[in-house]
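Data first, discussion second: the structure below is written as structure tokens.
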Amino acid sequence: MNVSRDEQRVLHVLARGGQIRHFRGENRRIHHVECFTHEGHLLSDCTLAIFAGLKRKRLIESRQGAPYRISRLGRLAVRSRADNG
């Protein structure tokens, strides 16, 4: 699967226990997302376009309105890095 560098960065955060919180507008569509690491830090690289790409490729999922987390397919698509620290 073709996953961009920015999408890989977000997937790494999610694979280590992070989450993407989504905010809906008056029309019930998602209009803003924030990606948090497991430690609670905000990842500024996660934009609405990256979120949409990950969701379209089914690499992330949300269950019953909870924040988005990495899916099984996303765990298979993430590439390992030398600096996982």
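Residues in the structure tokens are named by chain (A, B, ... in the order shown) and by number from 1 within that chain; ligands are numbered from 1 in the order shown.
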- Excluding same-chain residues fewer than 3 positions from Glu34 of chain A, what lies within 8 Å of it counting only C-alpha atoms, as a PyMOL selection string? chain A and resi 20-22+42-44+46-47
Please produce a file of the residues just selected, as a compact mmCIF listing (two decimals), in the first residue's frame, where the atoms kept are C-alpha atoms.
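Listed below is the output, part-v8.txt:
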```txt
# COMPACT_ATOMS: atom_id res chain seq x y z
CA ILE A 20 -6.84 11.28 16.82
CA ARG A 21 -9.64 13.32 18.37
CA HIS A 22 -12.18 14.64 15.89
CA LEU A 42 -0.06 17.32 20.30
CA LEU A 43 1.32 16.28 16.89
CA SER A 44 1.16 19.28 14.57
CA CYS A 46 -1.75 15.69 11.46
CA THR A 47 -3.96 17.75 9.16
```
DSSP alpha helix (DSSP H) selection over segment 8-80 of chain A, as a PDB file with all heavy atoms, in the first residue's frame:
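So the final result, stored in states13.pdb, reads:
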```
ATOM      1  N   GLN A   8       2.861   8.113   7.373  1.00  0.00           N
ATOM      2  CA  GLN A   8       3.676   7.192   8.158  1.00  0.00           C
ATOM      3  C   GLN A   8       3.974   7.770   9.533  1.00  0.00           C
ATOM      4  O   GLN A   8       3.930   7.066  10.539  1.00  0.00           O
ATOM      5  CB  GLN A   8       4.997   6.888   7.440  1.00  0.00           C
ATOM      6  CG  GLN A   8       4.906   5.849   6.380  1.00  0.00           C
ATOM      7  CD  GLN A   8       4.688   4.460   6.932  1.00  0.00           C
ATOM      8  OE1 GLN A   8       5.164   4.105   7.999  1.00  0.00           O
ATOM      9  NE2 GLN A   8       3.929   3.672   6.199  1.00  0.00           N
ATOM     10  N   ARG A   9       4.267   9.062   9.582  1.00  0.00           N
ATOM     11  CA  ARG A   9       4.571   9.721  10.856  1.00  0.00           C
ATOM     12  C   ARG A   9       3.380   9.631  11.813  1.00  0.00           C
ATOM     13  O   ARG A   9       3.536   9.307  12.994  1.00  0.00           O
ATOM     14  CB  ARG A   9       4.950  11.177  10.603  1.00  0.00           C
ATOM     15  CG  ARG A   9       5.501  11.875  11.806  1.00  0.00           C
ATOM     16  CD  ARG A   9       6.050  13.244  11.459  1.00  0.00           C
ATOM     17  NE  ARG A   9       7.173  13.130  10.526  1.00  0.00           N
ATOM     18  CZ  ARG A   9       7.258  13.761   9.360  1.00  0.00           C
ATOM     19  NH1 ARG A   9       6.298  14.581   8.976  1.00  0.00           N
ATOM     20  NH2 ARG A   9       8.300  13.611   8.587  1.00  0.00           N
ATOM     21  N   VAL A  10       2.185   9.879  11.294  1.00  0.00           N
ATOM     22  CA  VAL A  10       0.982   9.792  12.118  1.00  0.00           C
ATOM     23  C   VAL A  10       0.724   8.346  12.526  1.00  0.00           C
ATOM     24  O   VAL A  10       0.373   8.068  13.683  1.00  0.00           O
ATOM     25  CB  VAL A  10      -0.229  10.391  11.372  1.00  0.00           C
ATOM     26  CG1 VAL A  10      -1.513  10.161  12.144  1.00  0.00           C
ATOM     27  CG2 VAL A  10      -0.019  11.876  11.134  1.00  0.00           C
ATOM     28  N   LEU A  11       0.909   7.406  11.613  1.00  0.00           N
ATOM     29  CA  LEU A  11       0.701   5.996  11.947  1.00  0.00           C
ATOM     30  C   LEU A  11       1.649   5.529  13.049  1.00  0.00           C
ATOM     31  O   LEU A  11       1.264   4.730  13.905  1.00  0.00           O
ATOM     32  CB  LEU A  11       0.873   5.117  10.707  1.00  0.00           C
ATOM     33  CG  LEU A  11      -0.291   5.083   9.728  1.00  0.00           C
ATOM     34  CD1 LEU A  11       0.051   4.221   8.529  1.00  0.00           C
ATOM     35  CD2 LEU A  11      -1.551   4.578  10.395  1.00  0.00           C
ATOM     36  N   HIS A  12       2.890   6.013  13.046  1.00  0.00           N
ATOM     37  CA  HIS A  12       3.842   5.649  14.096  1.00  0.00           C
ATOM     38  C   HIS A  12       3.353   6.125  15.456  1.00  0.00           C
ATOM     39  O   HIS A  12       3.442   5.401  16.443  1.00  0.00           O
ATOM     40  CB  HIS A  12       5.227   6.235  13.811  1.00  0.00           C
ATOM     41  CG  HIS A  12       6.046   5.402  12.898  1.00  0.00           C
ATOM     42  ND1 HIS A  12       6.649   4.239  13.283  1.00  0.00           N
ATOM     43  CD2 HIS A  12       6.349   5.560  11.594  1.00  0.00           C
ATOM     44  CE1 HIS A  12       7.293   3.716  12.261  1.00  0.00           C
ATOM     45  NE2 HIS A  12       7.124   4.492  11.224  1.00  0.00           N
ATOM     46  N   VAL A  13       2.828   7.339  15.498  1.00  0.00           N
ATOM     47  CA  VAL A  13       2.294   7.862  16.758  1.00  0.00           C
ATOM     48  C   VAL A  13       1.112   7.017  17.224  1.00  0.00           C
ATOM     49  O   VAL A  13       1.007   6.666  18.403  1.00  0.00           O
ATOM     50  CB  VAL A  13       1.879   9.343  16.592  1.00  0.00           C
ATOM     51  CG1 VAL A  13       1.089   9.832  17.785  1.00  0.00           C
ATOM     52  CG2 VAL A  13       3.107  10.210  16.390  1.00  0.00           C
ATOM     53  N   LEU A  14       0.233   6.657  16.306  1.00  0.00           N
ATOM     54  CA  LEU A  14      -0.930   5.855  16.655  1.00  0.00           C
ATOM     55  C   LEU A  14      -0.528   4.441  17.068  1.00  0.00           C
ATOM     56  O   LEU A  14      -1.129   3.862  17.982  1.00  0.00           O
ATOM     57  CB  LEU A  14      -1.916   5.806  15.493  1.00  0.00           C
ATOM     58  CG  LEU A  14      -2.535   7.136  15.079  1.00  0.00           C
ATOM     59  CD1 LEU A  14      -3.440   6.943  13.883  1.00  0.00           C
ATOM     60  CD2 LEU A  14      -3.282   7.770  16.226  1.00  0.00           C
ATOM     61  N   ALA A  15       0.485   3.874  16.423  1.00  0.00           N
ATOM     62  CA  ALA A  15       0.937   2.525  16.749  1.00  0.00           C
ATOM     63  C   ALA A  15       1.528   2.466  18.152  1.00  0.00           C
ATOM     64  O   ALA A  15       1.490   1.423  18.805  1.00  0.00           O
ATOM     65  CB  ALA A  15       1.960   2.047  15.729  1.00  0.00           C
ATOM     66  N   LEU A  48      -6.234  17.763   8.391  1.00  0.00           N
ATOM     67  CA  LEU A  48      -7.494  17.160   7.962  1.00  0.00           C
ATOM     68  C   LEU A  48      -7.298  16.328   6.690  1.00  0.00           C
ATOM     69  O   LEU A  48      -7.927  15.282   6.522  1.00  0.00           O
ATOM     70  CB  LEU A  48      -8.546  18.244   7.749  1.00  0.00           C
ATOM     71  CG  LEU A  48      -9.996  17.807   7.700  1.00  0.00           C
ATOM     72  CD1 LEU A  48     -10.381  17.040   8.953  1.00  0.00           C
ATOM     73  CD2 LEU A  48     -10.898  19.007   7.539  1.00  0.00           C
ATOM     74  N   ALA A  49      -6.390  16.761   5.813  1.00  0.00           N
ATOM     75  CA  ALA A  49      -6.116  16.023   4.577  1.00  0.00           C
ATOM     76  C   ALA A  49      -5.441  14.679   4.875  1.00  0.00           C
ATOM     77  O   ALA A  49      -5.784  13.657   4.266  1.00  0.00           O
ATOM     78  CB  ALA A  49      -5.238  16.854   3.655  1.00  0.00           C
ATOM     79  N   ILE A  50      -4.491  14.663   5.793  1.00  0.00           N
ATOM     80  CA  ILE A  50      -3.824  13.417   6.180  1.00  0.00           C
ATOM     81  C   ILE A  50      -4.826  12.483   6.848  1.00  0.00           C
ATOM     82  O   ILE A  50      -4.861  11.280   6.576  1.00  0.00           O
ATOM     83  CB  ILE A  50      -2.620  13.703   7.081  1.00  0.00           C
ATOM     84  CG1 ILE A  50      -1.530  14.411   6.278  1.00  0.00           C
ATOM     85  CG2 ILE A  50      -2.081  12.421   7.706  1.00  0.00           C
ATOM     86  CD1 ILE A  50      -0.377  14.896   7.095  1.00  0.00           C
ATOM     87  N   PHE A  51      -5.653  13.037   7.729  1.00  0.00           N
ATOM     88  CA  PHE A  51      -6.689  12.252   8.394  1.00  0.00           C
ATOM     89  C   PHE A  51      -7.620  11.607   7.362  1.00  0.00           C
ATOM     90  O   PHE A  51      -7.928  10.420   7.448  1.00  0.00           O
ATOM     91  CB  PHE A  51      -7.480  13.148   9.346  1.00  0.00           C
ATOM     92  CG  PHE A  51      -8.722  12.520   9.880  1.00  0.00           C
ATOM     93  CD1 PHE A  51      -8.657  11.606  10.918  1.00  0.00           C
ATOM     94  CD2 PHE A  51      -9.962  12.849   9.359  1.00  0.00           C
ATOM     95  CE1 PHE A  51      -9.811  11.028  11.416  1.00  0.00           C
ATOM     96  CE2 PHE A  51     -11.110  12.276   9.846  1.00  0.00           C
ATOM     97  CZ  PHE A  51     -11.037  11.359  10.881  1.00  0.00           C
ATOM     98  N   ALA A  52      -8.046  12.385   6.378  1.00  0.00           N
ATOM     99  CA  ALA A  52      -8.948  11.866   5.350  1.00  0.00           C
ATOM    100  C   ALA A  52      -8.289  10.751   4.544  1.00  0.00           C
ATOM    101  O   ALA A  52      -8.933   9.751   4.206  1.00  0.00           O
ATOM    102  CB  ALA A  52      -9.410  12.994   4.437  1.00  0.00           C
ATOM    103  N   GLY A  53      -6.998  10.911   4.254  1.00  0.00           N
ATOM    104  CA  GLY A  53      -6.282   9.874   3.512  1.00  0.00           C
ATOM    105  C   GLY A  53      -6.168   8.577   4.298  1.00  0.00           C
ATOM    106  O   GLY A  53      -6.370   7.486   3.763  1.00  0.00           O
ATOM    107  N   LEU A  54      -5.854   8.693   5.579  1.00  0.00           N
ATOM    108  CA  LEU A  54      -5.754   7.501   6.423  1.00  0.00           C
ATOM    109  C   LEU A  54      -7.109   6.813   6.573  1.00  0.00           C
ATOM    110  O   LEU A  54      -7.196   5.584   6.564  1.00  0.00           O
ATOM    111  CB  LEU A  54      -5.206   7.882   7.803  1.00  0.00           C
ATOM    112  CG  LEU A  54      -3.750   8.333   7.853  1.00  0.00           C
ATOM    113  CD1 LEU A  54      -3.409   8.860   9.237  1.00  0.00           C
ATOM    114  CD2 LEU A  54      -2.820   7.207   7.465  1.00  0.00           C
ATOM    115  N   LYS A  55      -8.146   7.610   6.692  1.00  0.00           N
ATOM    116  CA  LYS A  55      -9.492   7.051   6.836  1.00  0.00           C
ATOM    117  C   LYS A  55      -9.942   6.386   5.539  1.00  0.00           C
ATOM    118  O   LYS A  55     -10.520   5.305   5.559  1.00  0.00           O
ATOM    119  CB  LYS A  55     -10.454   8.166   7.235  1.00  0.00           C
ATOM    120  CG  LYS A  55     -11.819   7.690   7.609  1.00  0.00           C
ATOM    121  CD  LYS A  55     -12.670   8.837   8.105  1.00  0.00           C
ATOM    122  CE  LYS A  55     -14.100   8.395   8.269  1.00  0.00           C
ATOM    123  NZ  LYS A  55     -14.974   9.508   8.609  1.00  0.00           N
ATOM    124  N   ARG A  56      -9.648   7.021   4.405  1.00  0.00           N
ATOM    125  CA  ARG A  56     -10.029   6.471   3.100  1.00  0.00           C
ATOM    126  C   ARG A  56      -9.329   5.133   2.846  1.00  0.00           C
ATOM    127  O   ARG A  56      -9.918   4.206   2.287  1.00  0.00           O
ATOM    128  CB  ARG A  56      -9.695   7.461   1.997  1.00  0.00           C
ATOM    129  CG  ARG A  56     -10.109   7.021   0.611  1.00  0.00           C
ATOM    130  CD  ARG A  56      -9.848   8.087  -0.439  1.00  0.00           C
ATOM    131  NE  ARG A  56      -8.470   8.550  -0.464  1.00  0.00           N
ATOM    132  CZ  ARG A  56      -8.045   9.742  -0.042  1.00  0.00           C
ATOM    133  NH1 ARG A  56      -8.902  10.615   0.434  1.00  0.00           N
ATOM    134  NH2 ARG A  56      -6.773  10.076  -0.099  1.00  0.00           N
ATOM    135  N   ARG A  72      -6.146  -2.665  12.308  1.00  0.00           N
ATOM    136  CA  ARG A  72      -5.280  -3.812  12.044  1.00  0.00           C
ATOM    137  C   ARG A  72      -4.543  -3.625  10.726  1.00  0.00           C
ATOM    138  O   ARG A  72      -3.345  -3.901  10.623  1.00  0.00           O
ATOM    139  CB  ARG A  72      -6.120  -5.093  12.005  1.00  0.00           C
ATOM    140  CG  ARG A  72      -5.294  -6.332  11.782  1.00  0.00           C
ATOM    141  CD  ARG A  72      -6.159  -7.593  11.772  1.00  0.00           C
ATOM    142  NE  ARG A  72      -5.366  -8.763  11.507  1.00  0.00           N
ATOM    143  CZ  ARG A  72      -4.945  -9.146  10.310  1.00  0.00           C
ATOM    144  NH1 ARG A  72      -5.260  -8.445   9.258  1.00  0.00           N
ATOM    145  NH2 ARG A  72      -4.219 -10.226  10.164  1.00  0.00           N
ATOM    146  N   LEU A  73      -5.244  -3.141   9.722  1.00  0.00           N
ATOM    147  CA  LEU A  73      -4.618  -2.879   8.428  1.00  0.00           C
ATOM    148  C   LEU A  73      -3.537  -1.806   8.552  1.00  0.00           C
ATOM    149  O   LEU A  73      -2.489  -1.877   7.909  1.00  0.00           O
ATOM    150  CB  LEU A  73      -5.681  -2.454   7.408  1.00  0.00           C
ATOM    151  CG  LEU A  73      -5.237  -2.265   5.978  1.00  0.00           C
ATOM    152  CD1 LEU A  73      -4.683  -3.565   5.407  1.00  0.00           C
ATOM    153  CD2 LEU A  73      -6.383  -1.775   5.134  1.00  0.00           C
ATOM    154  N   GLY A  74      -3.777  -0.812   9.401  1.00  0.00           N
ATOM    155  CA  GLY A  74      -2.781   0.227   9.634  1.00  0.00           C
ATOM    156  C   GLY A  74      -1.525  -0.309  10.293  1.00  0.00           C
ATOM    157  O   GLY A  74      -0.411   0.106   9.973  1.00  0.00           O
ATOM    158  N   ARG A  75      -1.686  -1.253  11.213  1.00  0.00           N
ATOM    159  CA  ARG A  75      -0.517  -1.868  11.852  1.00  0.00           C
ATOM    160  C   ARG A  75       0.321  -2.644  10.843  1.00  0.00           C
ATOM    161  O   ARG A  75       1.540  -2.696  10.954  1.00  0.00           O
ATOM    162  CB  ARG A  75      -0.960  -2.798  12.971  1.00  0.00           C
ATOM    163  CG  ARG A  75      -1.527  -2.068  14.152  1.00  0.00           C
ATOM    164  CD  ARG A  75      -1.789  -3.024  15.296  1.00  0.00           C
ATOM    165  NE  ARG A  75      -2.630  -2.415  16.293  1.00  0.00           N
ATOM    166  CZ  ARG A  75      -2.213  -1.565  17.222  1.00  0.00           C
ATOM    167  NH1 ARG A  75      -0.950  -1.224  17.254  1.00  0.00           N
ATOM    168  NH2 ARG A  75      -3.043  -1.051  18.091  1.00  0.00           N
ATOM    169  N   LEU A  76      -0.331  -3.231   9.860  1.00  0.00           N
ATOM    170  CA  LEU A  76       0.400  -3.966   8.830  1.00  0.00           C
ATOM    171  C   LEU A  76       1.087  -3.019   7.845  1.00  0.00           C
ATOM    172  O   LEU A  76       2.106  -3.372   7.260  1.00  0.00           O
ATOM    173  CB  LEU A  76      -0.550  -4.899   8.082  1.00  0.00           C
ATOM    174  CG  LEU A  76      -1.169  -6.024   8.904  1.00  0.00           C
ATOM    175  CD1 LEU A  76      -2.204  -6.771   8.075  1.00  0.00           C
ATOM    176  CD2 LEU A  76      -0.105  -6.958   9.434  1.00  0.00           C
ATOM    177  N   ALA A  77       0.526  -1.820   7.663  1.00  0.00           N
ATOM    178  CA  ALA A  77       1.063  -0.878   6.674  1.00  0.00           C
ATOM    179  C   ALA A  77       2.202  -0.020   7.219  1.00  0.00           C
ATOM    180  O   ALA A  77       2.986   0.524   6.440  1.00  0.00           O
ATOM    181  CB  ALA A  77      -0.056   0.038   6.174  1.00  0.00           C
TER     182      ALA A  77
END
```
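Residue nearest Val3 of chain A, chosen from A:Ile70, A:Ile30, A:Leu59, A:Arg16 and counting only C-alpha atoms: A:Leu59.
Proximity to Tyr68 of chain A was assessed for A:Asn27, A:Ser4, A:Ser80, A:Gln19 counting only C-alpha atoms; the smallest distance is recorded for A:Gln19.
You will find atom CA of Asp6 of chain A at 17.2 Å from atom CA of Ser71 of chain A.
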What gap, in Å, lies between atom CA of Ser62 of chain A and atom CA of Gly25 of chain A?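 Separation between atom CA of Ser62 of chain A and atom CA of Gly25 of chain A: 17.6 Å.
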ask   = Between atom CA of Lys57 of chain A and atom CA of Arg79 of chain A, what is the distance, to one decimal in Å?
value =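 For atom CA of Lys57 of chain A relative to atom CA of Arg79 of chain A, the distance reads 15.6 Å.
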